[in-house]
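Chemist: Handing you this structure, nothing more for now.
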Amino acid sequence: MSLEAPLTAPVFATLLSLSQGEKHGYAIMKDARQPEGGGIAMGPGTLYGTLNRLMEQGLVVETGLSDDQRRRYYQLTESGHAALTLELDRLRAVVRANAHLGLATQGGPA
Amino acid sequence: MSIALRIVLPLYRAAAWLYPPRFRRRYAGQIQLALRDAMADQSLPPASLASTLLKDLAQSLWKENLDMLKETASRPLLLFNALMLAALATVLALAFYAIPQQVLRQGANDPQLELAGNAALRLQAGAPAAQVIATNPADRVNMAESLSPFLIAFDEQGHVTASAAQLNGATPAPPPGVFDYARTHSEERLTWQPQPGVRLATVIRHLPSGGFVLSARNMREIEAREAQMGQMARFLWLAMLAIVALGTFLFGWLRPSPARVHA
(Lines give C-alpha, C1' and ligand atoms only; values in the text may rest on other atoms or scores of the structure.)
Protein backbone atom coordinates (compact mmCIF):
# COMPACT_ATOMS: atom_id res chain seq x y z
CA MET A 1 0.00 0.00 0.00
CA SER A 2 1.48 3.36 -0.95
CA LEU A 3 -1.32 5.89 -0.62
CA GLU A 4 -0.51 9.24 0.88
CA ALA A 5 -2.98 10.99 3.17
CA PRO A 6 -5.14 12.86 2.49
CA LEU A 7 -6.57 10.68 -0.26
CA THR A 8 -7.77 12.43 -3.39
CA ALA A 9 -11.54 12.80 -3.71
CA PRO A 10 -11.90 10.11 -6.46
CA VAL A 11 -9.73 7.63 -4.52
CA PHE A 12 -11.64 8.22 -1.29
CA ALA A 13 -15.04 7.94 -3.01
CA THR A 14 -14.00 4.75 -4.84
CA LEU A 15 -12.68 3.06 -1.69
CA LEU A 16 -15.77 4.17 0.23
CA SER A 17 -18.10 2.76 -2.40
CA LEU A 18 -16.27 -0.57 -2.59
CA SER A 19 -16.25 -0.89 1.20
CA GLN A 20 -19.92 -1.85 0.88
CA GLY A 21 -19.13 -4.83 -1.35
CA GLU A 22 -18.11 -5.59 -4.90
CA LYS A 23 -19.40 -3.18 -7.52
CA HIS A 24 -19.10 -2.33 -11.19
CA GLY A 25 -17.91 1.00 -12.55
CA TYR A 26 -21.18 2.86 -12.89
CA ALA A 27 -22.34 1.76 -9.43
CA ILE A 28 -19.18 3.32 -7.99
CA MET A 29 -19.78 6.55 -9.94
CA LYS A 30 -23.36 6.64 -8.66
CA ASP A 31 -22.28 6.10 -5.04
CA ALA A 32 -19.68 8.84 -5.38
CA ARG A 33 -22.39 11.34 -6.38
CA GLN A 34 -24.29 10.77 -3.11
CA PRO A 35 -23.38 13.11 -0.23
CA GLU A 36 -22.48 10.14 1.98
CA GLY A 37 -20.31 8.73 -0.79
CA GLY A 38 -18.13 11.81 -1.17
CA GLY A 39 -20.49 13.99 -3.21
CA ILE A 40 -18.31 14.17 -6.31
CA ALA A 41 -19.30 13.94 -9.97
CA MET A 42 -16.77 11.47 -11.33
CA GLY A 43 -16.65 10.61 -15.04
CA PRO A 44 -15.75 7.19 -16.44
CA GLY A 45 -12.19 8.20 -17.42
CA THR A 46 -11.41 9.40 -13.90
CA LEU A 47 -13.03 6.34 -12.35
CA TYR A 48 -11.13 3.78 -14.40
CA GLY A 49 -7.86 5.70 -14.05
CA THR A 50 -8.38 5.63 -10.28
CA LEU A 51 -9.30 1.92 -10.30
CA ASN A 52 -6.24 1.17 -12.42
CA ARG A 53 -3.91 2.87 -9.93
CA LEU A 54 -5.65 1.27 -6.95
CA MET A 55 -5.24 -2.16 -8.56
CA GLU A 56 -1.55 -1.50 -9.22
CA GLN A 57 -1.17 -0.62 -5.55
CA GLY A 58 -2.99 -3.77 -4.49
CA LEU A 59 -5.90 -1.95 -2.83
CA VAL A 60 -8.56 -3.14 -5.25
CA VAL A 61 -8.99 -6.32 -7.32
CA GLU A 62 -11.22 -7.33 -10.17
CA THR A 63 -13.61 -10.09 -9.19
CA GLY A 64 -14.69 -11.20 -12.64
CA LEU A 65 -17.15 -10.65 -15.43
CA SER A 66 -20.90 -10.44 -15.17
CA ASP A 67 -23.86 -10.86 -17.46
CA ASP A 68 -22.38 -8.33 -19.88
CA GLN A 69 -18.95 -9.50 -21.01
CA ARG A 70 -17.58 -5.98 -20.76
CA ARG A 71 -18.88 -5.30 -17.26
CA ARG A 72 -16.36 -6.05 -14.57
CA TYR A 73 -16.75 -5.97 -10.84
CA TYR A 74 -14.25 -4.71 -8.33
CA GLN A 75 -13.72 -5.19 -4.63
CA LEU A 76 -11.43 -3.92 -1.89
CA THR A 77 -8.48 -5.98 -0.70
CA GLU A 78 -7.42 -6.03 2.94
CA SER A 79 -4.94 -3.27 2.15
CA GLY A 80 -7.75 -1.27 0.58
CA HIS A 81 -9.84 -1.62 3.74
CA ALA A 82 -6.84 -0.58 5.82
CA ALA A 83 -6.22 2.51 3.64
CA LEU A 84 -9.86 3.55 3.91
CA THR A 85 -9.88 3.00 7.70
CA LEU A 86 -6.74 5.12 8.06
CA GLU A 87 -8.30 7.93 6.05
CA LEU A 88 -11.56 7.82 8.02
CA ASP A 89 -9.56 7.85 11.28
CA ARG A 90 -7.60 10.83 10.02
CA LEU A 91 -10.80 12.71 9.13
CA ARG A 92 -12.35 11.87 12.53
CA ALA A 93 -9.22 13.14 14.26
CA VAL A 94 -9.40 16.40 12.31
CA VAL A 95 -13.05 16.86 13.28
CA ARG A 96 -12.33 16.04 16.95
CA ALA A 97 -9.30 18.34 17.09
CA ASN A 98 -11.34 21.23 15.75
CA ALA A 99 -14.51 20.65 17.74
CA HIS A 100 -13.61 23.56 20.06
CA LEU A 101 -14.04 25.98 17.15
CA GLY A 102 -17.78 25.45 17.55
CA LEU A 103 -18.39 25.18 13.83
CA ALA A 104 -21.79 23.52 13.57
CA THR A 105 -22.20 20.94 10.83
CA GLN A 106 -25.38 20.42 8.86
CA GLY A 107 -25.52 16.86 10.09
CA GLY A 108 -25.54 17.90 13.76
CA PRO A 109 -22.95 18.71 16.40
CA ALA A 110 -19.34 17.77 15.63
CA MET B 1 -31.07 13.60 -25.61
CA SER B 2 -30.17 17.17 -24.70
CA ILE B 3 -28.25 19.42 -27.09
CA ALA B 4 -25.29 19.52 -24.68
CA LEU B 5 -25.07 15.72 -24.66
CA ARG B 6 -25.42 15.57 -28.44
CA ILE B 7 -22.29 17.69 -28.66
CA VAL B 8 -20.34 16.17 -25.77
CA LEU B 9 -20.95 12.45 -26.40
CA PRO B 10 -19.31 12.19 -29.84
CA LEU B 11 -16.46 14.31 -28.54
CA TYR B 12 -16.05 12.04 -25.53
CA ARG B 13 -16.11 8.89 -27.67
CA ALA B 14 -13.61 10.31 -30.18
CA ALA B 15 -11.31 11.56 -27.42
CA ALA B 16 -11.06 8.02 -26.04
CA TRP B 17 -8.40 7.51 -28.72
CA LEU B 18 -6.20 10.00 -26.93
CA TYR B 19 -5.81 7.76 -23.89
CA PRO B 20 -2.57 5.73 -23.80
CA PRO B 21 -3.18 2.52 -25.82
CA ARG B 22 -2.70 0.21 -22.81
CA PHE B 23 -5.32 2.10 -20.82
CA ARG B 24 -7.64 2.23 -23.83
CA ARG B 25 -7.34 -1.49 -24.53
CA ARG B 26 -8.09 -2.34 -20.94
CA TYR B 27 -10.88 0.10 -20.12
CA ALA B 28 -12.47 1.41 -23.35
CA GLY B 29 -15.26 -1.17 -23.21
CA GLN B 30 -15.99 -0.49 -19.56
CA ILE B 31 -15.94 3.27 -20.11
CA GLN B 32 -18.51 2.93 -22.90
CA LEU B 33 -20.63 0.73 -20.66
CA ALA B 34 -20.49 3.24 -17.79
CA LEU B 35 -21.41 5.96 -20.27
CA ARG B 36 -24.41 3.93 -21.46
CA ASP B 37 -25.51 3.39 -17.84
CA ALA B 38 -25.13 7.11 -17.08
CA MET B 39 -27.29 8.04 -20.08
CA ALA B 40 -29.97 5.56 -19.04
CA ASP B 41 -29.97 6.92 -15.47
CA GLN B 42 -33.09 9.11 -15.18
CA SER B 43 -31.87 10.62 -11.90
CA LEU B 44 -28.91 12.25 -13.67
CA PRO B 45 -29.76 15.53 -15.46
CA PRO B 46 -28.31 15.55 -19.01
CA ALA B 47 -26.68 18.97 -18.54
CA SER B 48 -24.95 17.72 -15.40
CA LEU B 49 -23.76 14.58 -17.23
CA ALA B 50 -22.43 16.67 -20.13
CA SER B 51 -20.52 18.91 -17.73
CA THR B 52 -19.14 15.90 -15.81
CA LEU B 53 -17.98 14.27 -19.04
CA LEU B 54 -16.20 17.40 -20.22
CA LYS B 55 -14.39 17.82 -16.90
CA ASP B 56 -13.62 14.11 -16.85
CA LEU B 57 -12.10 14.27 -20.31
CA ALA B 58 -9.85 17.21 -19.47
CA GLN B 59 -8.69 15.72 -16.16
CA SER B 60 -8.36 12.05 -16.99
CA LEU B 61 -6.72 12.47 -20.41
CA TRP B 62 -4.08 14.68 -18.87
CA LYS B 63 -3.60 12.40 -15.87
CA GLU B 64 -3.37 9.12 -17.79
CA ASN B 65 -0.93 10.52 -20.35
CA LEU B 66 1.16 12.10 -17.60
CA ASP B 67 1.19 8.79 -15.76
CA MET B 68 2.35 7.07 -18.95
CA LEU B 69 5.00 9.77 -19.44
CA LYS B 70 6.31 9.27 -15.89
CA GLU B 71 6.51 5.55 -16.52
CA THR B 72 8.31 6.17 -19.83
CA ALA B 73 10.81 8.47 -18.13
CA SER B 74 11.46 5.82 -15.49
CA ARG B 75 12.49 3.21 -18.09
CA PRO B 76 16.30 3.33 -17.95
CA LEU B 77 16.96 2.17 -21.52
CA LEU B 78 14.43 4.56 -23.04
CA LEU B 79 15.69 7.42 -20.89
CA PHE B 80 19.29 6.61 -21.82
CA ASN B 81 18.39 6.61 -25.54
CA ALA B 82 16.55 9.91 -25.19
CA LEU B 83 19.49 11.50 -23.35
CA MET B 84 21.96 10.22 -25.95
CA LEU B 85 19.81 11.60 -28.77
CA ALA B 86 19.51 14.91 -26.91
CA ALA B 87 23.31 15.01 -26.52
CA LEU B 88 23.73 14.25 -30.23
CA ALA B 89 21.24 17.01 -31.08
CA THR B 90 23.24 19.42 -28.91
CA VAL B 91 26.51 18.52 -30.63
CA LEU B 92 24.91 18.87 -34.08
CA ALA B 93 23.42 22.26 -33.20
CA LEU B 94 26.76 23.46 -31.83
CA ALA B 95 28.51 22.27 -35.00
CA PHE B 96 25.81 23.93 -37.09
CA TYR B 97 26.72 27.20 -35.38
CA ALA B 98 30.48 26.84 -34.84
CA ILE B 99 31.56 25.63 -38.31
CA PRO B 100 29.87 28.38 -40.40
CA GLN B 101 30.82 30.92 -37.72
CA GLN B 102 34.48 30.01 -38.16
CA VAL B 103 34.18 30.04 -41.96
CA LEU B 104 32.55 33.50 -41.81
CA ARG B 105 35.14 34.83 -39.36
CA GLN B 106 38.12 33.48 -41.32
CA GLY B 107 36.60 34.72 -44.59
CA ALA B 108 36.29 38.19 -43.06
CA ASN B 109 40.12 38.43 -43.17
CA ASP B 110 40.45 37.76 -46.92
CA PRO B 111 40.41 41.35 -48.29
CA GLN B 112 42.74 42.49 -45.49
CA LEU B 113 45.20 39.69 -46.24
CA GLU B 114 45.38 40.81 -49.83
CA LEU B 115 45.63 44.52 -48.96
CA ALA B 116 48.24 44.02 -46.23
CA GLY B 117 50.26 41.68 -48.47
CA ASN B 118 50.34 44.11 -51.39
CA ALA B 119 51.13 47.09 -49.15
CA ALA B 120 53.91 45.16 -47.41
CA LEU B 121 55.48 44.32 -50.78
CA ARG B 122 55.43 47.98 -51.89
CA LEU B 123 56.76 49.27 -48.57
CA GLN B 124 59.44 46.61 -48.63
CA ALA B 125 60.38 47.76 -52.14
CA GLY B 126 61.02 51.25 -50.73
CA ALA B 127 57.81 53.09 -51.55
CA PRO B 128 57.02 55.81 -48.99
CA ALA B 129 54.20 54.95 -46.59
CA ALA B 130 52.26 58.10 -47.57
CA GLN B 131 52.29 56.95 -51.18
CA VAL B 132 51.14 53.39 -50.42
CA ILE B 133 48.42 54.50 -48.03
CA ALA B 134 46.03 57.29 -49.01
CA THR B 135 46.38 59.66 -46.09
CA ASN B 136 44.11 62.50 -47.22
CA PRO B 137 42.09 63.29 -44.04
CA ALA B 138 38.91 63.77 -46.10
CA ASP B 139 39.21 60.24 -47.52
CA ARG B 140 39.90 58.51 -44.22
CA VAL B 141 37.61 55.58 -43.41
CA ASN B 142 35.57 55.96 -40.25
CA MET B 143 36.32 52.68 -38.43
CA ALA B 144 33.04 52.80 -36.49
CA GLU B 145 30.78 53.41 -39.50
CA SER B 146 32.35 52.18 -42.73
CA LEU B 147 32.57 48.56 -43.83
CA SER B 148 35.50 49.33 -46.20
CA PRO B 149 38.86 47.73 -45.49
CA PHE B 150 41.67 50.21 -44.72
CA LEU B 151 45.45 50.34 -44.15
CA ILE B 152 47.61 51.83 -41.39
CA ALA B 153 51.41 51.81 -41.32
CA PHE B 154 53.39 51.78 -38.07
CA ASP B 155 57.09 52.17 -37.34
CA GLU B 156 59.02 49.52 -35.44
CA GLN B 157 57.97 51.09 -32.12
CA GLY B 158 54.30 50.95 -33.03
CA HIS B 159 53.79 54.63 -33.82
CA VAL B 160 51.47 55.51 -36.71
CA THR B 161 53.37 56.67 -39.80
CA ALA B 162 50.49 56.73 -42.29
CA SER B 163 46.78 56.02 -41.89
CA ALA B 164 43.76 55.69 -44.14
CA ALA B 165 41.34 55.39 -41.19
CA GLN B 166 40.22 57.30 -38.15
CA LEU B 167 38.12 56.79 -35.06
CA ASN B 168 36.81 59.90 -33.33
CA GLY B 169 39.28 62.00 -35.35
CA ALA B 170 42.42 60.01 -34.40
CA THR B 171 44.12 56.80 -35.48
CA PRO B 172 44.19 54.25 -32.67
CA ALA B 173 46.94 51.61 -32.39
CA PRO B 174 46.52 47.98 -31.30
CA PRO B 175 47.98 46.92 -27.91
CA PRO B 176 51.81 46.48 -27.84
CA GLY B 177 51.42 42.70 -27.44
CA VAL B 178 50.00 42.54 -30.98
CA PHE B 179 53.16 44.14 -32.41
CA ASP B 180 55.34 41.80 -30.31
CA TYR B 181 53.53 38.75 -31.68
CA ALA B 182 53.68 40.02 -35.28
CA ARG B 183 57.39 40.78 -34.82
CA THR B 184 58.16 37.18 -33.82
CA HIS B 185 55.66 35.44 -36.13
CA SER B 186 55.76 37.93 -39.06
CA GLU B 187 51.94 38.09 -39.16
CA GLU B 188 49.01 38.21 -36.72
CA ARG B 189 45.30 37.86 -37.45
CA LEU B 190 42.97 39.06 -34.74
CA THR B 191 39.74 40.77 -33.80
CA TRP B 192 40.72 44.24 -32.65
CA GLN B 193 38.34 46.33 -30.57
CA PRO B 194 39.68 49.92 -30.53
CA GLN B 195 36.59 51.02 -28.57
CA PRO B 196 33.53 49.23 -27.17
CA GLY B 197 31.16 48.30 -29.97
CA VAL B 198 33.75 48.65 -32.75
CA ARG B 199 35.22 45.29 -33.67
CA LEU B 200 37.63 44.96 -36.58
CA ALA B 201 38.81 41.89 -38.48
CA THR B 202 42.49 42.73 -38.51
CA VAL B 203 45.65 41.46 -40.22
CA ILE B 204 49.00 42.94 -39.20
CA ARG B 205 52.30 42.14 -40.95
CA HIS B 206 55.81 42.86 -39.83
CA LEU B 207 58.13 44.20 -42.51
CA PRO B 208 61.61 42.64 -42.63
CA SER B 209 63.02 46.16 -43.05
CA GLY B 210 61.23 47.28 -39.86
CA GLY B 211 57.73 48.60 -39.20
CA PHE B 212 54.28 47.13 -39.58
CA VAL B 213 51.37 47.35 -41.96
CA LEU B 214 47.89 46.78 -40.61
CA SER B 215 44.76 46.15 -42.62
CA ALA B 216 41.33 45.92 -41.02
CA ARG B 217 37.60 46.30 -41.59
CA ASN B 218 34.52 46.62 -39.44
CA MET B 219 32.91 43.26 -38.57
CA ARG B 220 29.39 44.61 -38.10
CA GLU B 221 27.90 42.72 -41.06
CA ILE B 222 29.82 39.53 -40.31
CA GLU B 223 28.65 39.61 -36.69
CA ALA B 224 25.06 40.18 -37.80
CA ARG B 225 25.35 37.03 -39.96
CA GLU B 226 26.91 35.14 -37.06
CA ALA B 227 24.02 36.20 -34.82
CA GLN B 228 21.61 34.96 -37.47
CA MET B 229 23.44 31.62 -37.58
CA GLY B 230 23.23 31.46 -33.78
CA GLN B 231 19.50 32.03 -33.88
CA MET B 232 19.04 29.33 -36.52
CA ALA B 233 21.22 26.92 -34.50
CA ARG B 234 19.13 27.57 -31.37
CA PHE B 235 15.93 26.95 -33.31
CA LEU B 236 17.39 23.76 -34.81
CA TRP B 237 18.50 22.60 -31.34
CA LEU B 238 15.06 23.19 -29.82
CA ALA B 239 13.37 21.50 -32.78
CA MET B 240 15.62 18.43 -32.48
CA LEU B 241 15.03 18.24 -28.72
CA ALA B 242 11.29 18.51 -29.32
CA ILE B 243 11.48 15.65 -31.85
CA VAL B 244 13.45 13.50 -29.39
CA ALA B 245 10.94 14.24 -26.61
CA LEU B 246 7.98 13.58 -28.90
CA GLY B 247 9.53 10.37 -30.24
CA THR B 248 10.22 9.13 -26.71
CA PHE B 249 6.68 10.04 -25.66
CA LEU B 250 5.20 8.26 -28.68
CA PHE B 251 7.35 5.20 -28.10
CA GLY B 252 6.21 5.06 -24.48
CA TRP B 253 2.63 5.62 -25.63
CA LEU B 254 2.66 2.83 -28.21
CA ARG B 255 5.03 0.40 -26.48
CA PRO B 256 4.36 0.37 -22.74
CA SER B 257 6.76 -1.24 -20.30
CA PRO B 258 6.48 -5.06 -20.57
CA ALA B 259 6.37 -5.26 -16.76
CA ARG B 260 3.19 -3.18 -16.68
CA VAL B 261 1.54 -4.79 -19.70
CA HIS B 262 1.23 -7.99 -17.71
CA ALA B 263 0.45 -6.21 -14.45
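Letters A, B, ... go to the chains of the C-alpha coordinates in the order shown; residues in each chain start at 1; ligands are counted from 1 in the same order.
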Please list as a list in words every residue within 10 Å of Glu221 (chain B), counting only C-alpha atoms and excluding residues in the same chain fewer than 4 positions away.
Modeler: Ala108, Leu147, Arg225, Glu226 and Ala227 of chain B
Chemist: Would you output that residue set with N, CA and C atoms, as an mmCIF file, in the first residue's frame?
Modeler:
```cif
data_model
loop_
_atom_site.group_PDB
_atom_site.id
_atom_site.type_symbol
_atom_site.label_atom_id
_atom_site.label_comp_id
_atom_site.auth_asym_id
_atom_site.auth_seq_id
_atom_site.Cartn_x
_atom_site.Cartn_y
_atom_site.Cartn_z
ATOM 1 N N ALA B 108 36.302 36.732 -43.267
ATOM 2 C CA ALA B 108 36.293 38.191 -43.061
ATOM 3 C C ALA B 108 37.690 38.778 -43.185
ATOM 4 N N LEU B 147 32.243 49.994 -43.733
ATOM 5 C CA LEU B 147 32.566 48.562 -43.829
ATOM 6 C C LEU B 147 33.789 48.348 -44.748
ATOM 7 N N ARG B 225 25.570 38.362 -39.356
ATOM 8 C CA ARG B 225 25.349 37.033 -39.957
ATOM 9 C C ARG B 225 25.601 35.932 -38.932
ATOM 10 N N GLU B 226 26.625 36.138 -38.112
ATOM 11 C CA GLU B 226 26.914 35.143 -37.060
ATOM 12 C C GLU B 226 25.741 35.042 -36.084
ATOM 13 N N ALA B 227 25.169 36.208 -35.738
ATOM 14 C CA ALA B 227 24.023 36.204 -34.816
ATOM 15 C C ALA B 227 22.853 35.463 -35.440
#
```
Chemist: Please run DSSP on the backbone and report, as JSON, numbers by chain, all residues within region 204-233 of chain B that come out as strand (DSSP E).
Modeler: {"B": [204, 205, 206, 212, 213, 214, 215, 216, 217, 218]}
Chemist: At a cut-off of 6 Å, which residues of chain A touch chain B? Count only C-alpha atoms and give the answer as a ChimeraX atom specification.
Modeler: /A:26,43-46,70
Chemist: Distance CA of His24 (chain A)-CA of Phe12 (chain A), one decimal place?
Modeler: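 Computing it gives 16.3 Å between the two atoms.
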Chemist: Let's see if you can do this: from backbone DSSP, list all alpha helix (DSSP H) residues in region 99-203 of chain B, as JSON, numbers by chain.
Modeler: {"B": [99, 100, 101, 102, 103, 104, 105, 106, 107, 110, 111, 112, 113, 114, 115, 116, 117, 118, 119, 120, 121, 122, 123, 124, 129, 130, 131, 132, 176, 177, 178, 179, 180, 181, 182, 183, 184, 185]}
Chemist: CA of Ile40 (chain A) and CA of Ser2 (chain B), how far apart in Å?
Modeler: 22.1 Å
